[in-house]
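Asks: Here you go, final06.txt (compact mmCIF, C-alpha atoms and all ligand atoms):
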```txt
# COMPACT_ATOMS: atom_id res chain seq x y z
CA MET R 1 92.86 76.11 97.73
CA ARG R 2 96.44 76.92 96.78
CA ILE R 3 97.73 80.09 98.39
CA LYS R 4 100.99 81.62 97.19
CA PHE R 5 102.61 84.60 98.89
CA LEU R 6 104.07 86.59 95.99
CA GLY R 7 105.25 89.46 98.19
CA THR R 8 105.42 89.80 101.98
CA ALA R 9 106.79 93.30 102.72
CA ALA R 10 105.31 96.59 103.82
CA ALA R 11 105.36 99.59 101.46
CA GLU R 12 109.13 100.20 101.51
CA GLY R 13 110.12 96.57 100.79
CA VAL R 14 112.89 94.62 102.55
CA PRO R 15 115.52 95.76 101.84
CA ALA R 16 113.77 99.11 101.65
CA VAL R 17 114.25 100.98 98.37
CA PHE R 18 116.51 103.76 99.65
CA CYS R 19 117.69 102.22 102.93
CA ASN R 20 121.03 101.15 104.37
CA CYS R 21 119.90 100.27 107.91
CA PRO R 22 121.38 97.07 109.45
CA THR R 23 118.24 95.04 108.57
CA CYS R 24 118.40 96.11 104.94
CA VAL R 25 122.18 95.67 104.63
CA ASN R 26 121.78 92.17 106.13
CA ALA R 27 118.88 91.36 103.77
CA ARG R 28 120.92 92.42 100.72
CA ALA R 29 123.87 90.32 101.89
CA LYS R 30 121.82 87.20 102.75
CA GLY R 31 119.22 87.28 99.99
CA GLY R 32 116.75 84.36 99.90
CA LYS R 33 113.88 84.58 102.37
CA ASP R 34 115.20 87.87 103.76
CA ILE R 35 114.28 89.64 100.50
CA ARG R 36 110.65 90.76 100.66
CA THR R 37 108.73 92.53 97.88
CA ARG R 38 105.43 94.41 98.29
CA SER R 39 102.56 92.30 99.64
CA GLN R 40 100.46 90.28 97.24
CA ILE R 41 98.91 86.81 97.36
CA LEU R 42 97.85 84.56 94.49
CA ILE R 43 94.91 82.24 95.17
CA ASP R 44 94.40 79.26 92.83
CA ASP R 45 95.97 81.07 89.84
CA ASP R 46 92.77 83.07 89.23
CA THR R 47 92.50 85.48 92.16
CA LEU R 48 94.89 88.13 93.46
CA PHE R 49 94.82 89.69 96.88
CA ASP R 50 96.08 93.26 96.30
CA PHE R 51 97.76 94.79 93.28
CA PRO R 52 101.05 96.52 94.23
CA MET R 53 103.63 98.02 91.90
CA ASP R 54 105.60 94.76 92.19
CA THR R 55 102.82 92.79 90.44
CA TYR R 56 104.70 92.71 87.11
CA MET R 57 107.88 91.56 88.85
CA HIS R 58 105.86 88.85 90.63
CA THR R 59 104.66 87.46 87.29
CA LEU R 60 108.31 87.18 86.18
CA VAL R 61 109.74 85.69 89.37
CA HIS R 62 106.85 83.29 90.03
CA ASN R 63 106.02 82.64 86.38
CA PHE R 64 102.24 82.95 86.27
CA ASP R 65 99.78 84.25 83.66
CA LEU R 66 98.42 87.62 84.84
CA SER R 67 95.81 87.53 82.06
CA ALA R 68 94.35 84.37 83.64
CA VAL R 69 93.51 86.26 86.83
CA LYS R 70 89.74 86.74 86.97
CA ARG R 71 89.50 88.91 90.05
CA VAL R 72 91.58 91.16 92.27
CA LEU R 73 90.60 92.00 95.84
CA ILE R 74 92.11 95.34 96.77
CA THR R 75 92.32 96.35 100.42
CA HIS R 76 92.99 100.09 100.20
CA SER R 77 94.58 102.86 98.18
CA HIS R 78 98.15 102.81 99.55
CA MET R 79 100.69 102.34 96.78
CA ASP R 80 101.94 98.99 98.05
CA HIS R 81 98.41 97.60 97.59
CA CYS R 82 97.07 99.40 94.56
CA TYR R 83 98.98 100.38 91.40
CA PRO R 84 96.12 100.92 88.94
CA GLN R 85 98.21 102.31 86.06
CA GLU R 86 99.26 98.75 85.18
CA LEU R 87 95.67 98.04 84.10
CA CYS R 88 96.23 100.35 81.10
CA MET R 89 98.35 97.52 79.62
CA ARG R 90 95.54 94.94 79.82
CA GLY R 91 94.58 94.83 76.15
CA ALA R 92 95.71 95.35 72.55
CA PRO R 93 98.15 96.48 71.36
CA PHE R 94 99.96 96.02 74.71
CA ALA R 95 98.59 92.53 75.47
CA LYS R 96 97.48 89.86 73.01
CA ASN R 97 96.09 86.30 73.34
CA MET R 98 94.94 86.98 76.88
CA THR R 99 93.41 84.06 78.76
CA GLU R 100 90.46 85.91 80.33
CA PRO R 101 88.41 88.55 78.51
CA SER R 102 87.94 90.73 81.60
CA ILE R 103 89.07 91.25 85.17
CA ALA R 104 86.87 92.07 88.17
CA VAL R 105 88.33 94.48 90.72
CA TYR R 106 86.74 94.37 94.19
CA CYS R 107 87.54 97.45 96.25
CA ASN R 108 86.23 100.33 98.34
CA ALA R 109 84.94 103.60 96.87
CA THR R 110 88.27 105.41 97.40
CA VAL R 111 90.13 102.78 95.40
CA ARG R 112 87.43 102.84 92.69
CA ASP R 113 87.89 106.61 92.30
CA MET R 114 91.68 106.21 92.34
CA ILE R 115 91.58 103.55 89.59
CA LEU R 116 89.34 105.73 87.41
CA GLY R 117 91.46 108.82 88.08
CA ASP R 118 94.92 107.27 87.73
CA THR R 119 94.14 105.32 84.56
CA GLY R 120 91.97 108.07 83.05
CA ARG R 121 94.69 109.83 81.06
CA GLU R 122 96.14 106.73 79.42
CA ILE R 123 93.71 103.81 79.32
CA ARG R 124 92.11 103.00 75.98
CA PRO R 125 88.28 102.90 76.19
CA GLU R 126 88.20 99.31 74.86
CA ILE R 127 90.59 98.26 77.67
CA ALA R 128 88.71 100.24 80.33
CA SER R 129 85.54 98.32 79.46
CA THR R 130 87.22 95.01 80.39
CA VAL R 131 88.08 96.21 83.91
CA LYS R 132 84.91 95.60 85.94
CA ILE R 133 85.03 97.55 89.18
CA LYS R 134 82.84 96.24 92.01
CA THR R 135 82.59 98.56 95.00
CA LEU R 136 82.25 96.85 98.37
CA HIS R 137 81.50 97.94 101.92
CA PRO R 138 82.29 96.08 105.17
CA PHE R 139 80.32 92.83 105.52
CA ASP R 140 79.21 92.80 101.89
CA ASP R 141 78.94 89.14 100.91
CA VAL R 142 79.23 88.37 97.19
CA THR R 143 79.90 85.34 95.02
CA SER R 144 82.15 85.42 91.98
CA ASP R 145 82.34 82.29 89.84
CA GLY R 146 82.01 79.92 92.81
CA MET R 147 84.20 82.00 95.13
CA ARG R 148 82.49 83.59 98.11
CA ILE R 149 83.99 86.95 99.07
CA ILE R 150 83.19 88.80 102.29
CA ALA R 151 84.63 92.27 102.83
CA LEU R 152 85.57 93.13 106.41
CA PRO R 153 86.36 96.48 108.04
CA ALA R 154 90.10 97.02 108.47
CA ARG R 155 91.50 99.38 111.07
CA HIS R 156 94.07 101.30 109.09
CA THR R 157 93.73 104.77 107.57
CA LYS R 158 91.24 107.51 108.32
CA GLY R 159 89.12 108.90 105.49
CA GLU R 160 88.95 105.60 103.65
CA GLU R 161 86.86 102.48 104.22
CA CYS R 162 89.87 100.12 104.24
CA LEU R 163 88.91 96.48 103.71
CA VAL R 164 90.32 93.06 104.50
CA TYR R 165 88.77 89.87 103.12
CA TYR R 166 87.45 86.41 103.83
CA VAL R 167 87.20 84.13 100.79
CA GLU R 168 85.77 80.65 100.50
CA ARG R 169 85.80 78.05 97.76
CA GLY R 170 85.61 74.26 97.65
CA GLY R 171 84.83 74.11 101.38
CA VAL R 172 87.99 76.06 102.33
CA GLY R 173 87.75 79.45 104.04
CA ALA R 174 90.69 81.86 104.17
CA LEU R 175 91.13 85.15 105.96
CA PHE R 176 93.49 87.86 104.68
CA LEU R 177 94.15 90.53 107.29
CA ASN R 178 96.45 93.25 106.02
CA ASP R 179 96.79 96.18 106.28
CA THR R 180 95.09 96.45 109.61
CA GLY R 181 95.56 97.07 113.30
CA ARG R 182 93.86 94.90 115.91
CA LEU R 183 90.24 94.14 115.02
CA ASP R 184 87.44 94.00 117.52
CA GLY R 185 86.23 90.50 118.41
CA GLN R 186 82.76 91.48 117.15
CA VAL R 187 84.09 91.43 113.59
CA TYR R 188 84.89 87.74 114.03
CA SER R 189 81.57 86.92 115.74
CA ARG R 190 79.69 88.56 112.90
CA LEU R 191 81.74 86.64 110.33
CA LYS R 192 81.01 83.43 112.21
CA ALA R 193 77.28 84.28 112.16
CA MET R 194 77.55 84.59 108.38
CA GLY R 195 78.61 80.93 108.26
CA ALA R 196 82.34 81.47 107.70
CA SER R 197 84.96 78.92 108.79
CA VAL R 198 88.64 79.86 108.73
CA LYS R 199 91.10 77.16 107.75
CA PHE R 200 93.84 79.59 106.69
CA ALA R 201 94.68 83.06 107.95
CA ALA R 202 97.40 85.55 106.95
CA LEU R 203 97.76 88.47 109.35
CA ASP R 204 99.54 91.84 109.27
CA CYS R 205 102.88 91.73 111.13
CA THR R 206 104.38 95.05 110.05
CA TYR R 207 105.99 95.67 113.44
CA GLY R 208 107.74 92.29 113.71
CA THR R 209 108.15 91.48 117.40
CA GLY R 210 106.99 95.00 118.33
CA SER R 211 103.36 95.88 118.88
CA GLY R 212 100.85 97.96 116.98
CA THR R 213 100.50 100.93 119.30
CA SER R 214 99.56 103.16 116.35
CA GLY R 215 96.53 100.94 115.69
CA ARG R 216 97.25 100.90 111.92
CA HIS R 217 99.25 97.68 111.81
CA MET R 218 100.19 94.77 114.07
CA GLY R 219 103.19 92.98 115.54
CA LEU R 220 103.58 89.36 116.58
CA GLY R 221 101.88 89.84 119.98
CA ASP R 222 98.89 91.48 118.30
CA VAL R 223 98.71 88.64 115.78
CA ALA R 224 98.64 86.11 118.63
CA GLU R 225 95.91 88.16 120.33
CA GLN R 226 93.84 88.23 117.13
CA VAL R 227 94.25 84.46 116.75
CA GLY R 228 92.80 84.16 120.28
CA LEU R 229 89.81 86.33 119.31
CA ILE R 230 89.20 84.30 116.15
CA ARG R 231 89.33 81.14 118.25
CA ASP R 232 86.99 82.64 120.90
CA ALA R 233 84.49 83.47 118.15
CA GLY R 234 84.49 79.80 117.11
CA LEU R 235 85.56 80.89 113.66
CA PHE R 236 88.46 78.48 113.11
CA ALA R 237 88.05 75.20 111.28
CA ARG R 238 89.99 72.21 112.63
CA ASP R 239 93.80 72.61 112.57
CA PRO R 240 93.93 76.12 111.11
CA ILE R 241 97.06 77.32 109.31
CA ILE R 242 98.18 80.75 110.52
CA TYR R 243 100.76 82.98 108.86
CA ALA R 244 102.21 86.37 109.72
CA THR R 245 103.02 88.59 106.71
CA HIS R 246 103.53 92.22 105.54
CA PHE R 247 106.85 92.85 107.35
CA SER R 248 108.59 96.20 107.58
CA HIS R 249 112.37 96.74 107.45
CA ASN R 250 111.93 98.16 110.98
CA THR R 251 111.42 94.55 112.09
CA ASP R 252 114.25 93.76 114.51
CA LEU R 253 114.76 90.13 113.43
CA ASP R 254 115.65 88.48 110.13
CA PHE R 255 113.55 85.65 108.66
CA ASP R 256 115.14 82.88 110.76
CA GLY R 257 114.85 84.90 113.98
CA MET R 258 111.25 85.80 113.28
CA ARG R 259 110.40 82.21 112.40
CA GLU R 260 111.73 81.01 115.77
CA LYS R 261 109.79 83.65 117.74
CA ALA R 262 106.56 83.04 115.83
CA ALA R 263 106.84 79.26 116.17
CA GLU R 264 106.59 79.66 119.96
CA LEU R 265 103.10 81.07 119.34
CA GLY R 266 102.08 78.49 116.73
CA ILE R 267 102.38 81.07 113.97
CA LEU R 268 104.21 80.55 110.66
CA VAL R 269 106.19 83.31 108.96
CA ALA R 270 105.48 83.98 105.29
CA TYR R 271 108.22 84.65 102.74
CA ASP R 272 108.12 85.55 99.06
CA GLY R 273 107.23 82.40 97.12
CA CYS R 274 105.82 80.56 100.16
CA THR R 275 103.10 78.25 98.81
CA VAL R 276 100.46 76.56 100.96
CA ASP R 277 97.97 73.92 99.84
CA VAL R 278 94.93 74.22 102.07
CA ASN R 279 92.50 71.31 102.15
CA ALA R 280 89.03 71.21 103.65
ZN ZN R 301 100.81 97.93 103.22
ZN ZN R 302 116.16 99.51 106.24
ZN ZN R 303 98.40 100.70 104.03
```
Starting from the coordinates I provided, produce the structure as structure tokens.
Ligand SMILES: [Zn+2]
Ligand SMILES: [Zn+2]
Ligand SMILES: [Zn+2]

Replies:
Amino acid sequence: MRIKFLGTAAAEGVPAVFCNCPTCVNARAKGGKDIRTRSQILIDDDTLFDFPMDTYMHTLVHNFDLSAVKRVLITHSHMDHCYPQELCMRGAPFAKNMTEPSIAVYCNATVRDMILGDTGREIRPEIASTVKIKTLHPFDDVTSDGMRIIALPARHTKGEECLVYYVERGGVGALFLNDTGRLDGQVYSRLKAMGASVKFAALDCTYGTGSGTSGRHMGLGDVAEQVGLIRDAGLFARDPIIYATHFSHNTDLDFDGMREKAAELGILVAYDGCTVDVNA
């Protein structure tokens, strides 16, 4: 499984759109790995994890064929994870010679309603029919073209069944845990009982070296704690690869500083363009 972090920021981006705080001024001056766009991950060129407003920019910067993407797993309705209006462009006369005839969108009921509502005014009926929405609930276990997808309950926003995901293909299992606060160990035990095995994990680190007192996101200490719970549940495969991602500009350290701190905990720090080949 090839996993590519296309974007690794929280909603505001780093530097944040309207911000001149020291972190953002430093990020603009340094560029490179200190520039973070809204969170999105590409799996094996045919699956996207989340669909932020930066998706179009990601196709330009990382040069991939968005029409070849067969499925999108959307976590929740926040704008940095779901920009449904772009789907209006997925067909003639706006798109021609597309690689795949349709796209499956896995999401919760809130996101389903948001997609239908936000595209409703503009989407052509013949384009709408190629967007196949599949509504999921926590612990739903589905297979799409050889990829196993398990939805998990995130701890994020009230009034919406926010999801995070476990996916598995070719003997490789990967866990994508943003946006979420600390999950209960029972989530991992139940996933283990479903036969999952985690070789790769990417976890929410919105608060940088801070901690997730709000319960909606996590910081490095929370990530380390979650890694312990995953290990306690016997869910890890041998030599798991663990990344922190989804960083806010309120993070107190730049990329190099964060990388040093995380390394002490055996955790890697994602950056835009970071590509990981995960083997069984
Ligand atoms: Zn987010
Ligand atoms: Zn800032
Ligand atoms: Zn969110």

Asks: How many Å lie between CA of Val69 in chain R and CA of Gly117 in chain R, rounded to one decimal?

Replies: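 These atoms are spaced 22.7 Å apart.
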
Asks: May I have a table of the residues of chain R lying at most 6 Å from ligand ZN 301 (chain R), giving each one's closest pair of atoms and their distance in Å to one decimal, counting all atoms listed in the file, ordered by chain and ascending residue number, as a Markdown table?

Replies:
```
| residue | atom | partner | partner_atom | distance |
| --- | --- | --- | --- | --- |
| R:Ala10 | CA | R:ZN301 | ZN | 4.7 |
| R:Ala11 | CA | R:ZN301 | ZN | 5.2 |
| R:Asp80 | CA | R:ZN301 | ZN | 5.4 |
| R:Asp179 | CA | R:ZN301 | ZN | 5.3 |
```

Asks: Do you have the CA of His156 in chain R-CA of Val198 in chain R distance handy?

Replies: 22.1 Å

Asks: Kindly compile the residues surrounding ligand ZN 303 (chain R) within 10 Å, counting all atoms listed in the file, and format them as a list in words.

Replies: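 Within the 10 Å cut-off, the matching residues are Ala10, Ala11, Thr75, His76, Ser77, His78, Met79, Asp80, His81, Cys82, Arg155, His156, Thr157, Cys162, Asn178, Asp179, Thr180, Arg216 and His217 of chain R.
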
Asks: To one decimal in Å, tell me the separation between CA of Arg112 in chain R and CA of Ile133 in chain R.

Replies: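 So the answer is 6.8 Å.
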
Asks: If the limit is 6 Å from any atom of ligand ZN 302 (chain R), counting all atoms listed in the file, which residues qualify? Return them as a ChimeraX atom specification.

Replies: /R:15-16,19-21,23-24,249

Asks: Counting all atoms listed in the file, which residue out of R:His246, R:Arg231, R:Lys70, R:Lys199 sits closest to Thr37 in chain R?

Replies: R:His246

Asks: I want to know what sits within 6 Å of range 136-145 of chain R, based on all atoms listed in the file, with residues of the same chain fewer than 6 positions away left out; could you give that as a JSON list (two decimals) with C-alpha atoms, keeping the file's coordinate frame?

Replies:
```
[["chain", "number", "residue", "atom", "x", "y", "z"],
["R", 107, "CYS", "CA", 87.54, 97.45, 96.25],
["R", 108, "ASN", "CA", 86.23, 100.33, 98.34],
["R", 151, "ALA", "CA", 84.63, 92.27, 102.83],
["R", 152, "LEU", "CA", 85.57, 93.13, 106.41],
["R", 153, "PRO", "CA", 86.36, 96.48, 108.04]]
```

Asks: Within 7 Å of Leu203 in chain R, counting only C-alpha atoms, which residues show up once you throw out same-chain ones fewer than 5 positions away? Write them as a list of chain:residue names, please.

Replies: R:Phe176, R:Leu177, R:Asn178, R:Val223, R:Tyr243, R:Ala244, R:Thr245

Asks: Excluding Met53 in chain R and residues on its chain fewer than 2 positions from it, collect all residues at most 7 Å away from it, counting only C-alpha atoms, and give them as a VMD selection string.

Replies: chain R and resid 51 55 80 83

Asks: Edge lengths and centre in Å to one decimal, as lines of an AutoDock Vina configuration file, is what I'm after for the box along x, y and z that holds all listed atoms of range 144-148 of chain R once 5 Å is added on each side.

Replies:
```
center_x = 83.1
center_y = 82.7
center_z = 94.0
size_x = 12.2
size_y = 15.5
size_z = 18.3
```

Asks: I'd like to know which of R:His62, R:Lys132, R:Lys33, R:Arg2 is closest to Val269 in chain R, using all atoms listed in the file.

Replies: R:Lys33

Asks: Could you tell me which of R:Ile150, R:Gln85, R:Ala95, R:Glu225 comes closest to Thr119 in chain R if we count all atoms listed in the file?

Replies: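 With all atoms listed in the file as the atom set, the closest residue is R:Gln85.
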
Asks: Which is closest to Ala196 in chain R among R:Ala154, R:Leu42, R:Ile242, R:Ile149, if we use only C-alpha atoms?

Replies: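 Looking at the shortest contact to Ala196 in chain R, the residue is R:Ile149.
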
Asks: From the list R:Pro240, R:Gly195, R:Gly91, R:Gly31, which residue is nearest Asn279 in chain R when using all atoms listed in the file?

Replies: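 Among the listed residues, the smallest separation from Asn279 in chain R belongs to R:Pro240.
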
Asks: Tell me which of R:Asp34, R:Asp54, R:Asp232, R:Asp44 sits closest to Lys4 in chain R, counting all atoms listed in the file.

Replies: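 The shortest atom-to-atom distance to Lys4 in chain R comes from R:Asp44.
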
Asks: Using all atoms listed in the file, which protein or nucleic acid residues come within 8 Å of Thr130 in chain R? Drop anything in the same chain fewer than 4 positions from it, and give the result as a ChimeraX atom specification.

Replies: /R:101-103,126

Asks: Find the residues with any atom within 8 Å of (89.2, 84.8, 102.2); use only C-alpha atoms and the coordinates as given in the file, and write the answer as a short mmCIF file (atom, residue, chain, number, x, y, z; two decimals) with C-alpha atoms, in the coordinates of the input.

Replies:
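File selection_15.cif, as written:
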```cif
data_model
loop_
_atom_site.label_atom_id
_atom_site.label_comp_id
_atom_site.auth_asym_id
_atom_site.auth_seq_id
_atom_site.Cartn_x
_atom_site.Cartn_y
_atom_site.Cartn_z
CA ARG R 148 82.49 83.59 98.11
CA ILE R 149 83.99 86.95 99.07
CA ILE R 150 83.19 88.80 102.29
CA TYR R 165 88.77 89.87 103.12
CA TYR R 166 87.45 86.41 103.83
CA VAL R 167 87.20 84.13 100.79
CA GLU R 168 85.77 80.65 100.50
CA GLY R 173 87.75 79.45 104.04
CA ALA R 174 90.69 81.86 104.17
CA LEU R 175 91.13 85.15 105.96
CA PHE R 176 93.49 87.86 104.68
#
```

Asks: If we count all atoms listed in the file and set the cut-off at 12 Å, which residues sit around Lys261 in chain R, ignoring sequence neighbours fewer than 3 positions away in its own chain? Please answer as a PDB file with C-alpha atoms, in the coordinates of the input.

Replies:
```
ATOM      1  CA  GLY R 208     107.740  92.290 113.710  1.00  0.00           C
ATOM      2  CA  THR R 209     108.150  91.480 117.400  1.00  0.00           C
ATOM      3  CA  GLY R 210     106.990  95.000 118.330  1.00  0.00           C
ATOM      4  CA  GLY R 219     103.190  92.980 115.540  1.00  0.00           C
ATOM      5  CA  LEU R 220     103.580  89.360 116.580  1.00  0.00           C
ATOM      6  CA  GLY R 221     101.880  89.840 119.980  1.00  0.00           C
ATOM      7  CA  ALA R 224      98.640  86.110 118.630  1.00  0.00           C
ATOM      8  CA  ALA R 244     102.210  86.370 109.720  1.00  0.00           C
ATOM      9  CA  ASP R 252     114.250  93.760 114.510  1.00  0.00           C
ATOM     10  CA  LEU R 253     114.760  90.130 113.430  1.00  0.00           C
ATOM     11  CA  ASP R 254     115.650  88.480 110.130  1.00  0.00           C
ATOM     12  CA  PHE R 255     113.550  85.650 108.660  1.00  0.00           C
ATOM     13  CA  ASP R 256     115.140  82.880 110.760  1.00  0.00           C
ATOM     14  CA  GLY R 257     114.850  84.900 113.980  1.00  0.00           C
ATOM     15  CA  MET R 258     111.250  85.800 113.280  1.00  0.00           C
ATOM     16  CA  GLU R 264     106.590  79.660 119.960  1.00  0.00           C
ATOM     17  CA  LEU R 265     103.100  81.070 119.340  1.00  0.00           C
ATOM     18  CA  GLY R 266     102.080  78.490 116.730  1.00  0.00           C
ATOM     19  CA  ILE R 267     102.380  81.070 113.970  1.00  0.00           C
ATOM     20  CA  LEU R 268     104.210  80.550 110.660  1.00  0.00           C
ATOM     21  CA  VAL R 269     106.190  83.310 108.960  1.00  0.00           C
TER      22      VAL R 269
END
```
